[in-house]
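Pasting run-v8.cif here (mmCIF, C-alpha atoms and all ligand atoms):
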data_entry
#
loop_
_atom_site.group_PDB
_atom_site.id
_atom_site.type_symbol
_atom_site.label_atom_id
_atom_site.label_comp_id
_atom_site.auth_asym_id
_atom_site.auth_seq_id
_atom_site.Cartn_x
_atom_site.Cartn_y
_atom_site.Cartn_z
ATOM 1 C CA MET A 10 14.070 4.775 -14.909
ATOM 2 C CA ASN A 11 12.118 1.507 -15.266
ATOM 3 C CA ALA A 12 11.373 -1.373 -17.604
ATOM 4 C CA THR A 13 8.525 0.376 -19.403
ATOM 5 C CA GLY A 14 10.249 3.728 -19.751
ATOM 6 C CA ASN A 15 7.348 5.560 -18.154
ATOM 7 C CA GLY A 16 9.453 7.479 -15.636
ATOM 8 C CA GLY A 17 7.904 10.815 -16.602
ATOM 9 C CA VAL A 18 4.361 9.622 -15.993
ATOM 10 C CA GLU A 19 5.295 8.179 -12.612
ATOM 11 C CA ARG A 20 6.977 11.395 -11.580
ATOM 12 C CA GLU A 21 3.702 13.174 -12.329
ATOM 13 C CA TYR A 22 1.710 10.706 -10.207
ATOM 14 C CA ILE A 23 4.166 11.146 -7.345
ATOM 15 C CA THR A 24 4.047 14.927 -7.509
ATOM 16 C CA LYS A 25 0.258 14.837 -7.649
ATOM 17 C CA HIS A 26 -0.643 12.194 -5.049
ATOM 18 C CA HIS A 27 2.408 11.442 -2.909
ATOM 19 C CA ARG A 28 3.492 14.677 -1.283
ATOM 20 C CA HIS A 29 4.296 14.207 2.381
ATOM 21 C CA GLU A 30 5.236 16.961 4.735
ATOM 22 C CA THR A 31 8.315 15.675 6.480
ATOM 23 C CA ALA A 32 9.629 17.035 9.782
ATOM 24 C CA GLU A 33 13.277 16.813 10.810
ATOM 25 C CA ASN A 34 12.878 13.611 12.825
ATOM 26 C CA GLN A 35 10.953 11.841 10.066
ATOM 27 C CA CYS A 36 11.763 9.852 6.971
ATOM 28 C CA SER A 37 9.767 9.515 3.788
ATOM 29 C CA SER A 38 10.146 7.425 0.664
ATOM 30 C CA PHE A 39 8.202 5.673 -2.092
ATOM 31 C CA LEU A 40 8.175 2.398 -4.025
ATOM 32 C CA ILE A 41 6.881 1.560 -7.497
ATOM 33 C CA LYS A 42 5.587 -1.825 -8.668
ATOM 34 C CA HIS A 43 4.450 -2.876 -12.130
ATOM 35 C CA ILE A 44 1.730 -5.518 -12.205
ATOM 36 C CA ARG A 45 0.526 -7.620 -15.147
ATOM 37 C CA ALA A 46 -3.155 -7.261 -14.280
ATOM 38 C CA PRO A 47 -5.828 -4.662 -15.131
ATOM 39 C CA VAL A 48 -6.119 -1.586 -12.932
ATOM 40 C CA ASN A 49 -9.682 -2.421 -11.788
ATOM 41 C CA LEU A 50 -8.606 -5.802 -10.508
ATOM 42 C CA VAL A 51 -5.635 -4.375 -8.590
ATOM 43 C CA TRP A 52 -7.762 -1.549 -7.204
ATOM 44 C CA SER A 53 -10.447 -4.018 -6.047
ATOM 45 C CA LEU A 54 -7.814 -5.541 -3.713
ATOM 46 C CA VAL A 55 -6.156 -2.283 -2.621
ATOM 47 C CA ARG A 56 -9.402 -0.456 -1.793
ATOM 48 C CA ARG A 57 -10.548 -3.037 0.779
ATOM 49 C CA PHE A 58 -9.346 -1.154 3.874
ATOM 50 C CA ASP A 59 -11.317 -3.739 5.893
ATOM 51 C CA GLN A 60 -9.493 -6.734 4.326
ATOM 52 C CA PRO A 61 -5.742 -6.003 4.096
ATOM 53 C CA GLN A 62 -4.984 -9.695 4.743
ATOM 54 C CA LYS A 63 -6.257 -10.424 1.196
ATOM 55 C CA TYR A 64 -2.779 -9.571 -0.024
ATOM 56 C CA LYS A 65 -0.572 -8.331 2.848
ATOM 57 C CA PRO A 66 1.522 -11.333 3.880
ATOM 58 C CA PHE A 67 2.312 -10.211 7.453
ATOM 59 C CA ILE A 68 -1.280 -9.669 8.547
ATOM 60 C CA SER A 69 -3.056 -12.614 10.139
ATOM 61 C CA ARG A 70 -6.356 -10.951 11.037
ATOM 62 C CA CYS A 71 -8.186 -7.657 10.679
ATOM 63 C CA ILE A 72 -11.199 -6.356 12.568
ATOM 64 C CA SER A 73 -12.699 -3.099 11.349
ATOM 65 C CA GLN A 74 -15.338 -0.734 12.647
ATOM 66 C CA GLY A 75 -17.627 0.916 10.151
ATOM 67 C CA SER A 76 -17.076 0.119 6.527
ATOM 68 C CA LEU A 77 -15.084 2.120 4.066
ATOM 69 C CA GLU A 78 -15.855 5.609 5.341
ATOM 70 C CA ILE A 79 -13.182 8.194 6.051
ATOM 71 C CA GLY A 80 -12.257 7.875 9.707
ATOM 72 C CA SER A 81 -12.999 4.126 9.875
ATOM 73 C CA LEU A 82 -10.583 2.231 12.101
ATOM 74 C CA ARG A 83 -9.106 -1.224 11.666
ATOM 75 C CA GLU A 84 -7.203 -3.327 14.151
ATOM 76 C CA VAL A 85 -4.731 -5.658 12.489
ATOM 77 C CA ASP A 86 -2.906 -8.601 14.041
ATOM 78 C CA VAL A 87 0.582 -9.159 12.753
ATOM 79 C CA LYS A 88 2.080 -12.633 12.248
ATOM 80 C CA SER A 89 4.772 -13.765 14.660
ATOM 81 C CA GLY A 90 8.432 -13.046 13.939
ATOM 82 C CA LEU A 91 7.993 -9.297 13.524
ATOM 83 C CA PRO A 92 8.718 -6.591 16.137
ATOM 84 C CA ALA A 93 4.957 -6.024 16.649
ATOM 85 C CA THR A 94 1.706 -7.863 17.313
ATOM 86 C CA THR A 95 -1.043 -5.328 16.583
ATOM 87 C CA SER A 96 -1.613 -2.043 14.807
ATOM 88 C CA THR A 97 -4.564 0.364 14.849
ATOM 89 C CA GLU A 98 -5.068 2.160 11.538
ATOM 90 C CA ARG A 99 -7.368 4.913 10.299
ATOM 91 C CA LEU A 100 -8.757 5.366 6.781
ATOM 92 C CA GLU A 101 -7.758 8.876 5.665
ATOM 93 C CA LEU A 102 -8.720 8.830 1.989
ATOM 94 C CA LEU A 103 -10.461 6.412 -0.386
ATOM 95 C CA ASP A 104 -10.853 7.827 -3.884
ATOM 96 C CA ASP A 105 -12.505 5.361 -6.280
ATOM 97 C CA ASP A 106 -12.164 7.760 -9.228
ATOM 98 C CA GLU A 107 -8.446 8.470 -8.901
ATOM 99 C CA HIS A 108 -7.685 5.088 -7.259
ATOM 100 C CA ILE A 109 -5.977 6.450 -4.155
ATOM 101 C CA LEU A 110 -6.016 5.030 -0.627
ATOM 102 C CA SER A 111 -4.421 6.762 2.330
ATOM 103 C CA VAL A 112 -4.000 5.213 5.780
ATOM 104 C CA ARG A 113 -2.585 6.536 9.035
ATOM 105 C CA ILE A 114 -1.362 4.389 11.919
ATOM 106 C CA VAL A 115 -2.839 5.710 15.166
ATOM 107 C CA GLY A 116 -1.811 3.004 17.666
ATOM 108 C CA GLY A 117 -0.427 -0.451 18.324
ATOM 109 C CA ASP A 118 2.552 -2.091 19.942
ATOM 110 C CA HIS A 119 5.161 -1.331 17.305
ATOM 111 C CA ARG A 120 7.774 1.315 16.632
ATOM 112 C CA LEU A 121 6.160 3.178 13.737
ATOM 113 C CA ARG A 122 4.974 6.466 15.241
ATOM 114 C CA ASN A 123 3.077 8.941 13.053
ATOM 115 C CA TYR A 124 3.165 6.560 10.098
ATOM 116 C CA SER A 125 1.103 7.721 7.166
ATOM 117 C CA SER A 126 0.924 6.127 3.715
ATOM 118 C CA VAL A 127 -0.575 6.735 0.309
ATOM 119 C CA ILE A 128 -1.062 4.026 -2.311
ATOM 120 C CA SER A 129 -2.201 4.912 -5.823
ATOM 121 C CA VAL A 130 -2.825 2.623 -8.791
ATOM 122 C CA HIS A 131 -2.713 3.666 -12.445
ATOM 123 C CA PRO A 132 -3.332 1.888 -15.753
ATOM 124 C CA GLU A 133 -0.469 1.112 -18.102
ATOM 125 C CA VAL A 134 0.158 -1.240 -20.985
ATOM 126 C CA ILE A 135 2.650 -4.067 -20.413
ATOM 127 C CA ASP A 136 3.583 -6.113 -23.496
ATOM 128 C CA GLY A 137 0.331 -5.109 -25.195
ATOM 129 C CA ARG A 138 -1.882 -6.167 -22.292
ATOM 130 C CA PRO A 139 -3.629 -4.091 -19.617
ATOM 131 C CA GLY A 140 -1.274 -3.619 -16.682
ATOM 132 C CA THR A 141 -1.034 -1.478 -13.594
ATOM 133 C CA VAL A 142 1.593 0.678 -11.978
ATOM 134 C CA VAL A 143 1.287 0.912 -8.199
ATOM 135 C CA ILE A 144 3.005 3.653 -6.198
ATOM 136 C CA GLU A 145 3.185 3.525 -2.408
ATOM 137 C CA SER A 146 4.725 6.287 -0.325
ATOM 138 C CA PHE A 147 5.041 6.854 3.409
ATOM 139 C CA VAL A 148 6.264 9.188 6.103
ATOM 140 C CA VAL A 149 7.148 8.049 9.637
ATOM 141 C CA ASP A 150 9.035 9.217 12.720
ATOM 142 C CA VAL A 151 12.588 7.935 13.050
ATOM 143 C CA PRO A 152 12.524 5.991 16.357
ATOM 144 C CA GLU A 153 15.004 6.971 19.032
ATOM 145 C CA GLY A 154 18.175 4.959 18.646
ATOM 146 C CA ASN A 155 17.670 4.449 14.896
ATOM 147 C CA THR A 156 18.954 6.347 11.883
ATOM 148 C CA ILE A 157 16.900 7.665 8.958
ATOM 149 C CA ASP A 158 18.459 5.008 6.710
ATOM 150 C CA GLU A 159 17.616 2.150 9.069
ATOM 151 C CA THR A 160 14.025 3.329 9.391
ATOM 152 C CA CYS A 161 13.559 3.729 5.640
ATOM 153 C CA TYR A 162 15.160 0.345 4.979
ATOM 154 C CA PHE A 163 12.850 -1.393 7.479
ATOM 155 C CA VAL A 164 9.643 0.178 6.144
ATOM 156 C CA GLU A 165 10.665 -0.224 2.506
ATOM 157 C CA ALA A 166 11.353 -3.931 3.086
ATOM 158 C CA LEU A 167 7.826 -4.429 4.479
ATOM 159 C CA ILE A 168 6.190 -2.463 1.645
ATOM 160 C CA LYS A 169 8.258 -4.358 -0.953
ATOM 161 C CA CYS A 170 6.832 -7.623 0.405
ATOM 162 C CA ASN A 171 3.299 -6.208 0.363
ATOM 163 C CA LEU A 172 3.623 -5.013 -3.248
ATOM 164 C CA LYS A 173 5.218 -8.277 -4.397
ATOM 165 C CA SER A 174 2.310 -10.156 -2.844
ATOM 166 C CA LEU A 175 -0.221 -7.717 -4.364
ATOM 167 C CA ALA A 176 1.330 -8.469 -7.776
ATOM 168 C CA ASP A 177 1.244 -12.244 -7.211
ATOM 169 C CA VAL A 178 -2.408 -12.259 -6.094
ATOM 170 C CA SER A 179 -3.519 -9.864 -8.883
ATOM 171 C CA GLU A 180 -1.639 -11.714 -11.617
ATOM 172 C CA ARG A 181 -3.077 -15.040 -10.486
ATOM 173 C CA LEU A 182 -6.610 -13.609 -10.598
ATOM 174 C CA ALA A 183 -5.943 -11.975 -13.969
ATOM 175 C CA VAL A 184 -4.809 -15.253 -15.518
ATOM 176 C CA GLN A 185 -7.873 -17.051 -14.100
ATOM 177 C CA GLY A 186 -10.027 -14.237 -15.475
ATOM 178 C CA ARG A 187 -8.915 -14.962 -19.019
ATOM 179 C CA THR A 188 -10.733 -18.308 -18.934
ATOM 180 C CA GLU A 189 -13.348 -17.873 -16.195
ATOM 181 C CA PRO A 190 -15.205 -14.890 -14.697
ATOM 182 C CA ILE A 191 -13.514 -12.910 -11.908
ATOM 183 C CA ASP A 192 -15.226 -12.214 -8.613
ATOM 184 C CA PRO A 193 -13.105 -9.253 -7.482
ATOM 185 C CA VAL A 194 -14.499 -9.188 -3.929
HETATM 186 C C1 LIG B 1 1.400 -1.558 5.667
HETATM 187 C C2 LIG B 1 2.749 -1.053 5.973
HETATM 188 C C3 LIG B 1 3.528 -1.308 7.057
HETATM 189 C C4 LIG B 1 3.102 -2.175 8.114
HETATM 190 C C5 LIG B 1 3.798 -2.486 9.215
HETATM 191 C C6 LIG B 1 4.863 -0.659 7.117
HETATM 192 C C7 LIG B 1 3.382 -3.408 10.309
HETATM 193 O O1 LIG B 1 2.059 -3.889 10.051
HETATM 194 C C8 LIG B 1 4.316 -4.573 10.325
HETATM 195 C C9 LIG B 1 5.417 -4.595 11.190
HETATM 196 C C10 LIG B 1 5.697 -3.528 12.100
HETATM 197 O O2 LIG B 1 6.666 -3.541 12.846
HETATM 198 C C11 LIG B 1 4.788 -2.364 12.122
HETATM 199 O O3 LIG B 1 0.757 -0.971 4.797
HETATM 200 C C12 LIG B 1 3.367 -2.688 11.689
HETATM 201 O O4 LIG B 1 0.943 -2.579 6.207
HETATM 202 C C13 LIG B 1 4.133 -5.685 9.348
HETATM 203 C C14 LIG B 1 2.702 -3.580 12.734
HETATM 204 C C15 LIG B 1 2.593 -1.391 11.593
#

Could I get this structure in the form of structure tokens?
Ligand code: A8S
Amino acid sequence: MNATGNGGVEREYITKHHRHETAENQCSSFLIKHIRAPVNLVWSLVRRFDQPQKYKPFISRCISQGSLEIGSLREVDVKSGLPATTSTERLELLDDDEHILSVRIVGGDHRLRNYSSVISVHPEVIDGRPGTVVIESFVVDVPEGNTIDETCYFVEALIKCNLKSLADVSERLAVQGRTEPIDPV
């Protein structure tokens, strides 16, 4: 199933944290990313609902109300070249024990209606060093004029970029941390 042969463990995480109720006009999927950095470092980036631009490559700016409480809203500006300019997003769940963040998109000038996502991060060992497996899942309405496959492909492509960037940022910090102290915030 993957390079580390941990398919069974991941299936358990997905069953436990990534169940989405999906209506007929919706699509849902998940992505998995292995990162060569400790779980606490990866989580310190993921948990910052108020600072998604720290790793998400398409976000140019984020303004948030409140801090990291459930129900907090953030307004993100998206870089040019995408079929959107802004998105309004609500914090649904932030679990620092289980390392789970859930966000729902509640507005904005884009085509993702009723988008809801869950991202969870879990420790694993990669080549004898502390590593992290990240799982991100979503559910969203299929826009009129699009197919389920097109919608899934579009969202998966964006999430793939986000997770690749999360890995790059985390791995850079992890390497620095081996010689100098890390400031995770
Ligand atoms: C996330 C996930 C997604 C963000 C999408 C899918 C988005 O920010 C971008 C383009 C769009 O068309 C929709 O976790 C929207 O950020 C990059 C503006 C919501």

Contacts of Leu110 (chain A) within 9 Å, all atoms listed in the file, excl. fewer than 6 positions in-chain, as a ChimeraX atom specification: /A:55-56,58,100-104,126-129

Selection file, C-alpha atoms, as a PDB file, keeping the file's coordinate frame:
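That gives us again39.pdb:
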ATOM      1  CA  VAL A  55      -6.156  -2.283  -2.621  1.00  0.00           C
ATOM      2  CA  ARG A  56      -9.402  -0.456  -1.793  1.00  0.00           C
ATOM      3  CA  PHE A  58      -9.346  -1.154   3.874  1.00  0.00           C
ATOM      4  CA  LEU A 100      -8.757   5.366   6.781  1.00  0.00           C
ATOM      5  CA  GLU A 101      -7.758   8.876   5.665  1.00  0.00           C
ATOM      6  CA  LEU A 102      -8.720   8.830   1.989  1.00  0.00           C
ATOM      7  CA  LEU A 103     -10.461   6.412  -0.386  1.00  0.00           C
ATOM      8  CA  ASP A 104     -10.853   7.827  -3.884  1.00  0.00           C
ATOM      9  CA  SER A 126       0.924   6.127   3.715  1.00  0.00           C
ATOM     10  CA  VAL A 127      -0.575   6.735   0.309  1.00  0.00           C
ATOM     11  CA  ILE A 128      -1.062   4.026  -2.311  1.00  0.00           C
ATOM     12  CA  SER A 129      -2.201   4.912  -5.823  1.00  0.00           C
TER      13      SER A 129
END

The PyMOL selection byres (((chain A and resi 147) around 9) and not hetatm) resolved against shown file, as a PyMOL selection string: chain A and resi 27+29+36-39+124-128+145-146+148-149+164

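CA of Val51 (chain A) is positioned 9.2 Å from CA of Gly140 (chain A).
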
Kindly compile the residues surrounding ligand LIG 1 (chain B) within 6 Å, counting only C-alpha atoms and all ligand atoms, and format them as a PDB file with C-alpha atoms, in the coordinates of the input.
ATOM      1  CA  PHE A  67       2.312 -10.211   7.453  1.00  0.00           C
ATOM      2  CA  VAL A  87       0.582  -9.159  12.753  1.00  0.00           C
ATOM      3  CA  LEU A  91       7.993  -9.297  13.524  1.00  0.00           C
ATOM      4  CA  PRO A  92       8.718  -6.591  16.137  1.00  0.00           C
ATOM      5  CA  ALA A  93       4.957  -6.024  16.649  1.00  0.00           C
ATOM      6  CA  THR A  95      -1.043  -5.328  16.583  1.00  0.00           C
ATOM      7  CA  SER A  96      -1.613  -2.043  14.807  1.00  0.00           C
ATOM      8  CA  HIS A 119       5.161  -1.331  17.305  1.00  0.00           C
ATOM      9  CA  LEU A 121       6.160   3.178  13.737  1.00  0.00           C
ATOM     10  CA  VAL A 164       9.643   0.178   6.144  1.00  0.00           C
ATOM     11  CA  LEU A 167       7.826  -4.429   4.479  1.00  0.00           C
ATOM     12  CA  ILE A 168       6.190  -2.463   1.645  1.00  0.00           C
TER      13      ILE A 168
END

Residues in the PyMOL selection byres (((chain A and resi 71) around 7) and not hetatm), expressed as number ranges by chain: A: 59-60, 70, 72-73, 83-86

Matched chain/residue IDs from the PyMOL selection byres (((chain A and resi 34) around 9) and not hetatm), as a list in words: Thr31, Ala32, Glu33, Gln35, Cys36, Val149, Asp150, Val151, Pro152 and Ile157 of chain A

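Considering the residues A:Gly75, A:Pro66, A:Gly154, A:Pro139 and counting all atoms listed in the file, Glu180 (chain A) has its shortest atom-to-atom contact with A:Pro139.
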
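Using all atoms listed in the file, the nearest neighbour of Gln185 (chain A) within the list A:Asn123, A:Phe163, A:Asp105, A:Leu50 is A:Leu50.
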
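Distance annotation: of A:Val143, A:Leu82, A:Ile135, A:Ile68, the residue with the minimal separation from Ile114 (chain A) is A:Leu82; atom set is all atoms listed in the file.
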
Atom-to-atom span, CA of Glu30 (chain A) and CA of Val142 (chain A), Å: 23.6 Å

Quick one: 8 Å padding each side, axis-aligned, all listed atoms of region 171-189 of chain A - centre and edge lengths in Å to one decimal, as AutoDock Vina command-line options?
--center_x -4.1 --center_y -11.7 --center_z -9.3 --size_x 34.6 --size_y 29.3 --size_z 35.4

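Rounded to one decimal, CA of Ser89 (chain A) and CA of Ser69 (chain A) lie 9.1 Å from each other.
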